[in-house]
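Student: My structure is stored as work_36.cif, with mmCIF, C-alpha atoms.
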```cif
data_structure
#
loop_
_atom_site.label_atom_id
_atom_site.label_comp_id
_atom_site.auth_asym_id
_atom_site.auth_seq_id
_atom_site.Cartn_x
_atom_site.Cartn_y
_atom_site.Cartn_z
CA MET A 390 0.00 0.00 0.00
CA SER A 391 1.41 3.32 -1.02
CA ASN A 392 0.12 6.37 0.79
CA CYS A 393 0.17 8.58 -2.23
CA ASN A 394 -2.21 10.51 -4.39
CA SER A 395 -0.54 10.20 -7.71
CA TRP A 396 -3.79 10.01 -9.70
CA ARG A 397 -4.00 13.78 -9.36
CA SER A 398 -0.51 14.27 -10.74
CA LEU A 399 -1.42 11.90 -13.60
CA ILE A 400 -4.37 14.15 -14.43
CA MET A 401 -2.19 17.25 -14.26
CA ARG A 402 0.28 15.58 -16.60
CA ALA A 403 -2.50 14.55 -18.99
CA LEU A 404 -3.90 18.10 -19.00
CA ASN A 405 -0.46 19.36 -19.90
CA HIS A 406 0.14 16.82 -22.66
CA ASN A 407 -3.33 17.39 -24.13
CA ARG A 408 -3.34 21.17 -23.74
CA ALA A 409 -3.48 21.74 -27.52
CA LEU A 410 -7.06 20.42 -27.41
CA ALA A 411 -9.41 22.89 -25.69
CA TYR A 412 -11.87 20.06 -25.15
CA SER A 413 -9.39 18.01 -23.12
CA ARG A 414 -10.96 19.83 -20.16
CA TYR A 415 -14.36 18.34 -21.05
CA LEU A 416 -15.44 15.20 -19.27
CA GLN A 417 -18.65 13.26 -18.74
CA LEU A 418 -20.42 13.18 -15.41
CA ALA A 419 -22.91 10.44 -14.52
CA THR A 420 -25.56 10.89 -11.84
CA ILE A 421 -28.73 9.05 -10.84
CA ARG A 422 -32.19 10.32 -11.72
CA PRO A 423 -34.88 10.30 -9.03
CA ASP A 424 -36.45 7.29 -10.82
CA GLY A 425 -33.19 5.33 -10.48
CA ARG A 426 -32.09 5.57 -14.11
CA PRO A 427 -28.67 6.99 -14.98
CA ALA A 428 -27.98 10.41 -16.49
CA ASN A 429 -24.80 11.51 -18.22
CA ARG A 430 -23.62 14.86 -19.58
CA THR A 431 -20.49 16.78 -20.49
CA VAL A 432 -19.04 19.20 -17.94
CA VAL A 433 -15.94 21.40 -18.02
CA PHE A 434 -13.14 20.88 -15.52
CA ARG A 435 -12.43 24.14 -13.68
CA GLY A 436 -9.45 23.01 -11.63
CA PHE A 437 -8.88 21.35 -8.27
CA VAL A 438 -10.08 23.17 -5.16
CA ASN A 439 -7.03 24.64 -3.38
CA GLN A 440 -4.59 21.81 -4.15
CA THR A 441 -6.99 19.21 -2.75
CA ASP A 442 -8.40 16.16 -4.57
CA GLN A 443 -11.72 17.92 -5.15
CA LEU A 444 -12.61 18.58 -8.79
CA LYS A 445 -14.46 21.79 -9.53
CA PHE A 446 -17.24 22.29 -12.09
CA ILE A 447 -19.89 24.96 -12.47
CA THR A 448 -23.59 24.55 -13.07
CA ASP A 449 -26.89 26.38 -13.20
CA VAL A 450 -28.96 25.61 -10.10
CA ARG A 451 -31.95 25.12 -12.42
CA SER A 452 -30.27 22.21 -14.25
CA GLN A 453 -31.53 18.67 -13.78
CA LYS A 454 -28.37 17.41 -12.14
CA ILE A 455 -29.08 19.54 -9.08
CA GLU A 456 -32.38 17.72 -8.67
CA HIS A 457 -30.60 14.37 -9.09
CA LEU A 458 -28.12 15.16 -6.34
CA ILE A 459 -30.84 15.86 -3.79
CA TYR A 460 -31.94 12.30 -4.32
CA ASN A 461 -28.50 10.68 -4.69
CA SER A 462 -25.25 12.60 -4.21
CA TRP A 463 -22.99 10.04 -5.91
CA GLY A 464 -21.43 10.71 -9.28
CA GLU A 465 -18.88 9.13 -11.57
CA ALA A 466 -16.87 11.24 -13.97
CA CYS A 467 -15.29 9.66 -17.03
CA TRP A 468 -12.46 11.67 -18.54
CA TYR A 469 -10.83 10.58 -21.74
CA PHE A 470 -7.68 12.30 -23.02
CA PRO A 471 -7.47 11.75 -26.78
CA GLN A 472 -3.85 12.76 -27.34
CA THR A 473 -2.34 10.49 -24.68
CA ARG A 474 -5.10 7.85 -24.82
CA GLU A 475 -5.68 7.84 -21.07
CA GLN A 476 -9.01 7.36 -19.28
CA PHE A 477 -9.78 8.42 -15.71
CA ARG A 478 -12.93 7.24 -13.96
CA LEU A 479 -13.59 9.17 -10.76
CA LEU A 480 -16.27 7.97 -8.35
CA GLY A 481 -17.29 10.17 -5.46
CA LYS A 482 -19.85 12.35 -3.77
CA LEU A 483 -20.89 15.66 -5.27
CA VAL A 484 -21.42 18.83 -3.30
CA VAL A 485 -23.31 21.86 -4.59
CA VAL A 486 -22.11 25.30 -3.50
CA ASP A 487 -24.94 27.70 -4.26
CA ARG A 488 -25.80 31.19 -3.10
CA ASN A 489 -27.20 29.81 0.16
CA CYS A 490 -23.94 28.15 1.15
CA GLU A 491 -22.91 29.28 4.62
CA ASP A 492 -19.32 28.09 4.44
CA LEU A 493 -17.20 31.21 4.02
CA ALA A 494 -14.32 29.44 2.28
CA PHE A 495 -16.61 27.80 -0.29
CA ASN A 496 -18.45 31.07 -0.77
CA GLN A 497 -15.17 32.72 -1.56
CA ILE A 498 -14.34 30.03 -4.14
CA ARG A 499 -17.77 30.46 -5.71
CA GLN A 500 -17.10 34.16 -6.07
CA SER A 501 -13.56 33.84 -7.43
CA THR A 502 -14.67 31.16 -9.90
CA TRP A 503 -17.37 33.52 -11.17
CA GLN A 504 -14.81 36.27 -11.61
CA GLU A 505 -12.54 34.02 -13.66
CA LEU A 506 -15.29 33.09 -16.15
CA SER A 507 -15.52 34.55 -19.63
CA ASP A 508 -18.34 37.01 -20.31
CA ASN A 509 -20.00 34.42 -22.55
CA ALA A 510 -19.99 31.85 -19.77
CA ARG A 511 -21.42 34.30 -17.25
CA ILE A 512 -24.22 35.43 -19.54
CA GLN A 513 -25.70 31.92 -19.69
CA PHE A 514 -26.75 32.07 -16.03
CA ASN A 515 -29.22 34.77 -17.06
CA TRP A 516 -30.77 32.67 -19.79
CA ALA A 517 -34.24 31.15 -19.75
CA GLU A 518 -34.68 28.00 -17.67
CA PRO A 519 -32.63 25.11 -19.15
CA GLY A 520 -34.52 22.06 -20.39
CA LYS A 521 -37.93 23.80 -20.58
CA MET A 522 -39.79 24.33 -23.83
CA ARG A 523 -37.86 26.78 -25.97
CA THR A 524 -38.63 30.39 -25.16
CA GLU A 525 -38.23 33.31 -27.49
CA ALA A 526 -34.75 34.50 -28.34
CA SER A 527 -35.11 37.65 -26.27
CA VAL A 528 -34.97 35.58 -23.07
CA PHE A 529 -31.39 34.58 -23.85
CA ALA A 530 -29.66 37.61 -22.46
CA THR A 531 -26.60 38.96 -24.16
CA GLU A 532 -25.99 41.86 -21.79
CA LEU A 533 -22.82 41.60 -19.77
CA CYS A 534 -23.24 40.55 -16.14
CA ASP A 535 -21.61 42.04 -13.10
CA GLN A 536 -18.15 40.49 -13.05
CA SER A 537 -17.68 40.60 -9.31
CA THR A 538 -20.93 39.23 -7.88
CA PRO A 539 -22.25 35.83 -9.05
CA LEU A 540 -25.78 35.62 -10.38
CA ASP A 541 -28.20 33.68 -8.17
CA ASN A 542 -28.35 30.74 -10.59
CA PHE A 543 -24.61 30.20 -10.48
CA SER A 544 -23.29 27.35 -8.37
CA LEU A 545 -20.21 25.22 -8.01
CA LEU A 546 -20.30 21.47 -8.25
CA LEU A 547 -17.48 19.75 -6.38
CA LEU A 548 -16.56 16.09 -6.84
CA GLN A 549 -14.61 14.39 -4.05
CA PRO A 550 -13.31 11.10 -5.49
CA ILE A 551 -12.97 8.04 -3.29
CA GLU A 552 -12.13 5.64 -6.14
CA VAL A 553 -10.17 6.41 -9.29
CA ASP A 554 -9.60 4.00 -12.17
CA VAL A 555 -6.80 4.93 -14.55
CA LEU A 556 -6.46 3.20 -17.91
CA GLU A 557 -3.49 3.81 -20.21
CA LEU A 558 -4.36 2.43 -23.62
CA ARG A 559 -0.87 3.02 -24.96
CA GLY A 560 0.80 0.37 -22.77
CA GLU A 561 1.83 -3.09 -23.90
CA PRO A 562 -0.60 -4.69 -23.46
CA GLN A 563 -2.19 -1.74 -21.57
CA ASN A 564 -1.84 -0.39 -18.02
CA ARG A 565 -4.59 0.03 -15.49
CA TYR A 566 -4.53 1.18 -11.88
CA ARG A 567 -7.20 1.45 -9.23
CA TYR A 568 -6.85 4.04 -6.45
CA VAL A 569 -9.06 3.63 -3.39
CA TYR A 570 -9.29 6.15 -0.58
CA LEU A 571 -8.96 4.57 2.85
CA ASP A 572 -8.74 6.11 6.32
CA ASN A 573 -5.06 6.81 6.07
CA GLY A 574 -4.73 7.78 2.43
CA TRP A 575 -4.84 6.36 -1.05
CA LEU A 576 -4.26 2.70 -1.83
CA ARG A 577 -3.00 2.06 -5.35
CA GLU A 578 -3.34 -1.34 -7.02
CA GLU A 579 -2.31 -2.43 -10.45
CA ILE A 580 -5.18 -4.28 -12.12
CA ASN A 581 -5.84 -6.01 -15.42
CA PRO A 582 -6.92 -3.77 -18.28
CA MET B 696 -45.49 16.28 -33.09
CA SER B 697 -43.33 15.10 -35.93
CA ASN B 698 -43.13 11.38 -36.53
CA CYS B 699 -39.48 11.39 -37.44
CA ASN B 700 -36.24 10.01 -36.23
CA SER B 701 -33.88 12.73 -37.23
CA TRP B 702 -31.61 12.35 -34.19
CA ARG B 703 -30.05 9.38 -35.94
CA SER B 704 -29.38 11.38 -39.08
CA LEU B 705 -27.86 14.11 -36.89
CA ILE B 706 -25.49 11.52 -35.46
CA MET B 707 -24.59 10.24 -38.91
CA ARG B 708 -23.89 13.81 -40.01
CA ALA B 709 -21.75 14.46 -36.91
CA LEU B 710 -19.77 11.25 -37.53
CA ASN B 711 -19.13 12.44 -41.04
CA HIS B 712 -18.08 15.96 -40.06
CA ASN B 713 -15.84 14.65 -37.27
CA ARG B 714 -14.37 11.74 -39.23
CA ALA B 715 -10.85 13.19 -39.10
CA LEU B 716 -10.84 12.38 -35.37
CA ALA B 717 -10.65 8.61 -34.76
CA TYR B 718 -11.94 9.21 -31.22
CA SER B 719 -15.14 10.82 -32.45
CA ARG B 720 -16.50 7.25 -32.26
CA TYR B 721 -15.74 7.17 -28.53
CA LEU B 722 -18.55 7.99 -26.14
CA GLN B 723 -19.26 7.59 -22.44
CA LEU B 724 -21.79 5.10 -21.15
CA ALA B 725 -23.31 5.43 -17.68
CA THR B 726 -24.86 2.49 -15.85
CA ILE B 727 -25.93 1.81 -12.26
CA ARG B 728 -23.86 -0.31 -9.88
CA PRO B 729 -25.63 -2.93 -7.76
CA ASP B 730 -25.18 -0.61 -4.74
CA GLY B 731 -27.08 2.18 -6.55
CA ARG B 732 -24.09 4.38 -7.36
CA PRO B 733 -23.38 5.42 -10.95
CA ALA B 734 -20.61 4.07 -13.16
CA ASN B 735 -19.25 5.66 -16.32
CA ARG B 736 -16.76 4.52 -18.93
CA THR B 737 -15.71 5.10 -22.53
CA VAL B 738 -17.04 2.74 -25.20
CA VAL B 739 -16.57 2.67 -28.97
CA PHE B 740 -19.54 3.09 -31.29
CA ARG B 741 -19.72 0.15 -33.72
CA GLY B 742 -22.61 1.32 -35.84
CA PHE B 743 -26.39 1.08 -35.76
CA VAL B 744 -27.95 -2.38 -35.90
CA ASN B 745 -29.41 -2.92 -39.40
CA GLN B 746 -30.60 0.67 -39.98
CA THR B 747 -32.53 0.68 -36.69
CA ASP B 748 -32.11 3.12 -33.79
CA GLN B 749 -30.11 0.60 -31.79
CA LEU B 750 -26.49 1.56 -31.10
CA LYS B 751 -23.96 -1.24 -31.09
CA PHE B 752 -20.95 -1.60 -28.78
CA ILE B 753 -18.82 -4.59 -27.86
CA THR B 754 -17.74 -5.73 -24.42
CA ASP B 755 -16.07 -8.54 -22.52
CA VAL B 756 -18.67 -10.57 -20.60
CA ARG B 757 -16.31 -10.44 -17.61
CA SER B 758 -16.47 -6.64 -17.41
CA GLN B 759 -18.28 -4.93 -14.54
CA LYS B 760 -20.94 -3.36 -16.74
CA ILE B 761 -22.40 -6.80 -17.47
CA GLU B 762 -22.91 -7.26 -13.73
CA HIS B 763 -24.51 -3.81 -13.52
CA LEU B 764 -27.01 -4.60 -16.25
CA ILE B 765 -28.29 -7.70 -14.47
CA TYR B 766 -29.31 -5.37 -11.65
CA ASN B 767 -30.46 -2.42 -13.77
CA SER B 768 -30.64 -2.49 -17.57
CA TRP B 769 -30.86 1.28 -18.06
CA GLY B 770 -27.99 3.26 -19.47
CA GLU B 771 -27.31 6.78 -20.69
CA ALA B 772 -24.67 7.44 -23.29
CA CYS B 773 -23.12 10.89 -23.60
CA TRP B 774 -21.46 11.56 -26.93
CA TYR B 775 -19.56 14.77 -27.53
CA PHE B 776 -18.31 15.66 -31.01
CA PRO B 777 -15.39 18.10 -30.63
CA GLN B 778 -15.18 19.36 -34.19
CA THR B 779 -18.85 20.33 -34.52
CA ARG B 780 -19.41 21.01 -30.79
CA GLU B 781 -22.51 18.80 -30.59
CA GLN B 782 -23.59 16.67 -27.64
CA PHE B 783 -25.98 13.72 -27.79
CA ARG B 784 -27.38 12.18 -24.63
CA LEU B 785 -29.08 8.85 -25.30
CA LEU B 786 -31.15 7.19 -22.58
CA GLY B 787 -32.37 3.65 -23.05
CA LYS B 788 -32.25 0.01 -22.10
CA LEU B 789 -29.18 -2.07 -22.80
CA VAL B 790 -29.26 -5.61 -24.10
CA VAL B 791 -26.31 -8.01 -23.94
CA VAL B 792 -25.87 -10.46 -26.82
CA ASP B 793 -23.49 -13.12 -25.55
CA ARG B 794 -22.67 -16.65 -26.71
CA ASN B 795 -25.83 -17.98 -25.04
CA CYS B 796 -28.12 -15.76 -27.05
CA GLU B 797 -30.78 -17.84 -28.77
CA ASP B 798 -31.93 -15.20 -31.22
CA LEU B 799 -30.54 -16.21 -34.60
CA ALA B 800 -30.47 -12.69 -36.03
CA PHE B 801 -28.57 -11.28 -33.04
CA ASN B 802 -26.22 -14.25 -33.11
CA GLN B 803 -25.45 -13.48 -36.69
CA ILE B 804 -24.68 -9.84 -35.83
CA ARG B 805 -22.43 -10.99 -33.00
CA GLN B 806 -20.51 -13.12 -35.44
CA SER B 807 -20.22 -10.53 -38.21
CA THR B 808 -19.15 -7.87 -35.69
CA TRP B 809 -16.39 -10.19 -34.49
CA GLN B 810 -15.25 -10.73 -38.06
CA GLU B 811 -15.03 -6.99 -38.68
CA LEU B 812 -12.77 -6.34 -35.66
CA SER B 813 -9.05 -5.74 -35.96
CA ASP B 814 -6.72 -8.49 -34.74
CA ASN B 815 -5.69 -6.28 -31.83
CA ALA B 816 -9.28 -5.83 -30.73
CA ARG B 817 -9.99 -9.57 -30.96
CA ILE B 818 -6.91 -10.54 -28.95
CA GLN B 819 -8.13 -8.65 -25.88
CA PHE B 820 -10.98 -11.11 -25.34
CA ASN B 821 -8.30 -13.72 -24.52
CA TRP B 822 -6.64 -11.52 -21.91
CA ALA B 823 -6.70 -12.09 -18.16
CA GLU B 824 -9.88 -11.11 -16.33
CA PRO B 825 -10.40 -7.32 -16.50
CA GLY B 826 -10.38 -5.40 -13.21
CA LYS B 827 -8.72 -8.16 -11.18
CA MET B 828 -5.28 -7.77 -9.61
CA ARG B 829 -2.70 -7.51 -12.36
CA THR B 830 -1.53 -10.87 -13.60
CA GLU B 831 1.77 -11.60 -15.28
CA ALA B 832 2.36 -10.36 -18.79
CA SER B 833 2.13 -13.86 -20.26
CA VAL B 834 -1.60 -13.93 -19.56
CA PHE B 835 -2.14 -11.12 -22.05
CA ALA B 836 -2.26 -13.20 -25.20
CA THR B 837 -0.81 -11.83 -28.37
CA GLU B 838 -1.59 -14.82 -30.55
CA LEU B 839 -4.10 -14.16 -33.28
CA CYS B 840 -7.61 -15.47 -32.68
CA ASP B 841 -9.84 -17.34 -35.08
CA GLN B 842 -11.32 -14.60 -37.25
CA SER B 843 -14.57 -16.37 -37.99
CA THR B 844 -15.78 -17.65 -34.61
CA PRO B 845 -16.10 -15.24 -31.66
CA LEU B 846 -14.34 -16.08 -28.42
CA ASP B 847 -16.65 -16.98 -25.52
CA ASN B 848 -15.94 -13.70 -23.71
CA PHE B 849 -17.07 -11.60 -26.65
CA SER B 850 -20.48 -10.00 -26.48
CA LEU B 851 -22.45 -7.20 -28.06
CA LEU B 852 -24.00 -4.42 -26.03
CA LEU B 853 -27.00 -2.81 -27.70
CA LEU B 854 -28.53 0.48 -26.61
CA GLN B 855 -32.14 1.18 -27.60
CA PRO B 856 -32.72 4.90 -26.92
CA ILE B 857 -36.12 6.13 -25.81
CA GLU B 858 -34.98 9.70 -25.08
CA VAL B 859 -32.34 11.69 -26.92
CA ASP B 860 -31.13 15.16 -25.94
CA VAL B 861 -29.24 17.04 -28.65
CA LEU B 862 -27.25 20.17 -27.80
CA GLU B 863 -25.61 22.31 -30.47
CA LEU B 864 -23.16 24.62 -28.75
CA ARG B 865 -22.46 26.54 -31.94
CA GLY B 866 -25.92 28.07 -32.18
CA GLU B 867 -26.83 31.62 -31.25
CA PRO B 868 -27.44 31.43 -28.37
CA GLN B 869 -27.35 27.59 -28.65
CA ASN B 870 -29.81 24.99 -29.89
CA ARG B 871 -31.20 22.08 -27.95
CA TYR B 872 -33.77 19.43 -28.88
CA ARG B 873 -35.36 16.62 -26.94
CA TYR B 874 -36.59 13.52 -28.78
CA VAL B 875 -38.94 11.20 -26.90
CA TYR B 876 -40.09 7.85 -28.20
CA LEU B 877 -43.83 7.37 -27.96
CA ASP B 878 -46.12 4.60 -29.17
CA ASN B 879 -46.33 5.97 -32.66
CA GLY B 880 -42.83 7.29 -33.18
CA TRP B 881 -40.50 10.03 -32.09
CA LEU B 882 -41.70 13.33 -30.66
CA ARG B 883 -39.26 16.20 -31.13
CA GLU B 884 -39.37 19.31 -28.98
CA GLU B 885 -37.16 22.34 -29.04
CA ILE B 886 -36.02 23.17 -25.51
CA ASN B 887 -33.89 25.79 -23.81
CA PRO B 888 -30.14 25.10 -23.79
#
```
Would you put the structure from the file into structure tokens?
Tutor:
Amino acid sequence: MSNCNSWRSLIMRALNHNRALAYSRYLQLATIRPDGRPANRTVVFRGFVNQTDQLKFITDVRSQKIEHLIYNSWGEACWYFPQTREQFRLLGKLVVVDRNCEDLAFNQIRQSTWQELSDNARIQFNWAEPGKMRTEASVFATELCDQSTPLDNFSLLLLQPIEVDVLELRGEPQNRYRYVYLDNGWLREEINP
Amino acid sequence: MSNCNSWRSLIMRALNHNRALAYSRYLQLATIRPDGRPANRTVVFRGFVNQTDQLKFITDVRSQKIEHLIYNSWGEACWYFPQTREQFRLLGKLVVVDRNCEDLAFNQIRQSTWQELSDNARIQFNWAEPGKMRTEASVFATELCDQSTPLDNFSLLLLQPIEVDVLELRGEPQNRYRYVYLDNGWLREEINP
């Protein structure tokens, strides 16, 4: 058992090697619908929270995934890096940091994340309710938002992995590792691809 | 309500426009673990079954997803096309076609799919059991398999969508459509992105 957290450094390395592809920061996040069926959508990686293992995404509080998490807070992200042919599967609980969050540190991260967004990304939190019948074009605001204060619909989505499965397709035959979080740190096992 | 199935033609168009990227055939498939938590992994699209809406993948019968499907046969695929910036979310039931399948037509598809694989893809079905502790290199066969008869571990995985969510990020503001399968065909609605 090695008390290490090298899956995070593997992701950092993959991000670096795949940096020519803007969409290498896109990954797919699975959650459970209230009726027990799976859901899956693309999200954009916004960095790790303060050098921890927690992955940061952003979402509109009106999106369906927020409803899913009330019912079941587990998620699994699947992240494929095309250039290096690596796959990371990250299983963990998801936490929503919305405008009602009372934790000062998380509130601060919500605010700084908002400030780092592009204008185009910020504008979308003023759009008509996602997933509802299409409304007229005028409801899709194009006016710039306040850059310092997040809109009410803006929230963070934080994934805290407890199991990470790393597959390197380029190996001979291939390499695969499973990281499991235990009381005293991460256990890393080499498993069959 | 339009009795059409244009989501499939949208996928065919996306495959065509993204054909320069080999990994545009890679998508992420979410299933439910027996303990109710989600799972998510990359699979390779192997075409539609005989011009139907059914998406075809292949899998090793020893893989975890087979166990998941015994417990819950629902899956959602998330397919992002980088070049055209389109996302397809496909929710439906999954069917496994393994060597015990008694349906002659499906058996035939299992066999022809095997025959169309590359040698490298076929070889993997003779490898040591996936996900178990890493076994010595010798257990990862490199000998060519019989090209005509599938190995016992080889199975098809077929996804029959009943709901498809199409998001075009390139639109102004963006375009999003929801297709729902009803008794008499597909209903298509335009929804907010």
Student: For the atom pair CA of Arg720 (chain B) and CA of Phe740 (chain B), what is the interatomic distance in Å to one decimal place?
Tutor: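 Distance between the two atoms: 5.2 Å.
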Student: Return as a ChimeraX atom specification the set of residues that the PyMOL selection byres ((chain B and resi 732) around 10) yields on the displayed structure.
Tutor: /A:419-421,425,427,461-465,480-482 /B:726-731,733-734
Student: What residues in chain B lie within 7 Å of chain A, counting all atoms listed in the file, written as a PDB file with C-alpha atoms, in the frame of the given file?
Tutor:
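What ended up in selection08.pdb:
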```
ATOM      1  CA  TYR B 718     -11.940   9.210 -31.220  1.00  0.00           C
ATOM      2  CA  GLN B 723     -19.260   7.590 -22.440  1.00  0.00           C
ATOM      3  CA  ALA B 725     -23.310   5.430 -17.680  1.00  0.00           C
ATOM      4  CA  THR B 726     -24.860   2.490 -15.850  1.00  0.00           C
ATOM      5  CA  ILE B 727     -25.930   1.810 -12.260  1.00  0.00           C
ATOM      6  CA  ARG B 732     -24.090   4.380  -7.360  1.00  0.00           C
ATOM      7  CA  PRO B 733     -23.380   5.420 -10.950  1.00  0.00           C
ATOM      8  CA  ALA B 734     -20.610   4.070 -13.160  1.00  0.00           C
ATOM      9  CA  ASN B 735     -19.250   5.660 -16.320  1.00  0.00           C
ATOM     10  CA  ARG B 736     -16.760   4.520 -18.930  1.00  0.00           C
ATOM     11  CA  TRP B 769     -30.860   1.280 -18.060  1.00  0.00           C
ATOM     12  CA  GLY B 770     -27.990   3.260 -19.470  1.00  0.00           C
ATOM     13  CA  GLU B 771     -27.310   6.780 -20.690  1.00  0.00           C
ATOM     14  CA  ALA B 772     -24.670   7.440 -23.290  1.00  0.00           C
ATOM     15  CA  CYS B 773     -23.120  10.890 -23.600  1.00  0.00           C
ATOM     16  CA  PRO B 777     -15.390  18.100 -30.630  1.00  0.00           C
ATOM     17  CA  ARG B 784     -27.380  12.180 -24.630  1.00  0.00           C
ATOM     18  CA  ALA B 823      -6.700 -12.090 -18.160  1.00  0.00           C
ATOM     19  CA  GLU B 824      -9.880 -11.110 -16.330  1.00  0.00           C
ATOM     20  CA  PRO B 825     -10.400  -7.320 -16.500  1.00  0.00           C
ATOM     21  CA  GLY B 826     -10.380  -5.400 -13.210  1.00  0.00           C
ATOM     22  CA  LYS B 827      -8.720  -8.160 -11.180  1.00  0.00           C
ATOM     23  CA  MET B 828      -5.280  -7.770  -9.610  1.00  0.00           C
ATOM     24  CA  ARG B 829      -2.700  -7.510 -12.360  1.00  0.00           C
ATOM     25  CA  THR B 830      -1.530 -10.870 -13.600  1.00  0.00           C
ATOM     26  CA  PHE B 835      -2.140 -11.120 -22.050  1.00  0.00           C
ATOM     27  CA  PRO B 868     -27.440  31.430 -28.370  1.00  0.00           C
ATOM     28  CA  GLU B 885     -37.160  22.340 -29.040  1.00  0.00           C
ATOM     29  CA  ILE B 886     -36.020  23.170 -25.510  1.00  0.00           C
ATOM     30  CA  ASN B 887     -33.890  25.790 -23.810  1.00  0.00           C
ATOM     31  CA  PRO B 888     -30.140  25.100 -23.790  1.00  0.00           C
TER      32      PRO B 888
END
```
Student: Between B:Gly866, B:Pro856, B:Pro845, B:Gly880, which has the minimum distance to Asn821 (chain B) (counting all atoms listed in the file)?
Tutor: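 Closest candidate: B:Pro845.
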Student: Quote the spacing between CA of Leu545 (chain A) and CA of Val485 (chain A) in Å to one decimal place.
Tutor: 5.7 Å
Student: Could you tell me how far CA of Asp748 (chain B) lies from CA of Asp878 (chain B), in Å and to one decimal?
Tutor: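 It comes out at 14.8 Å.
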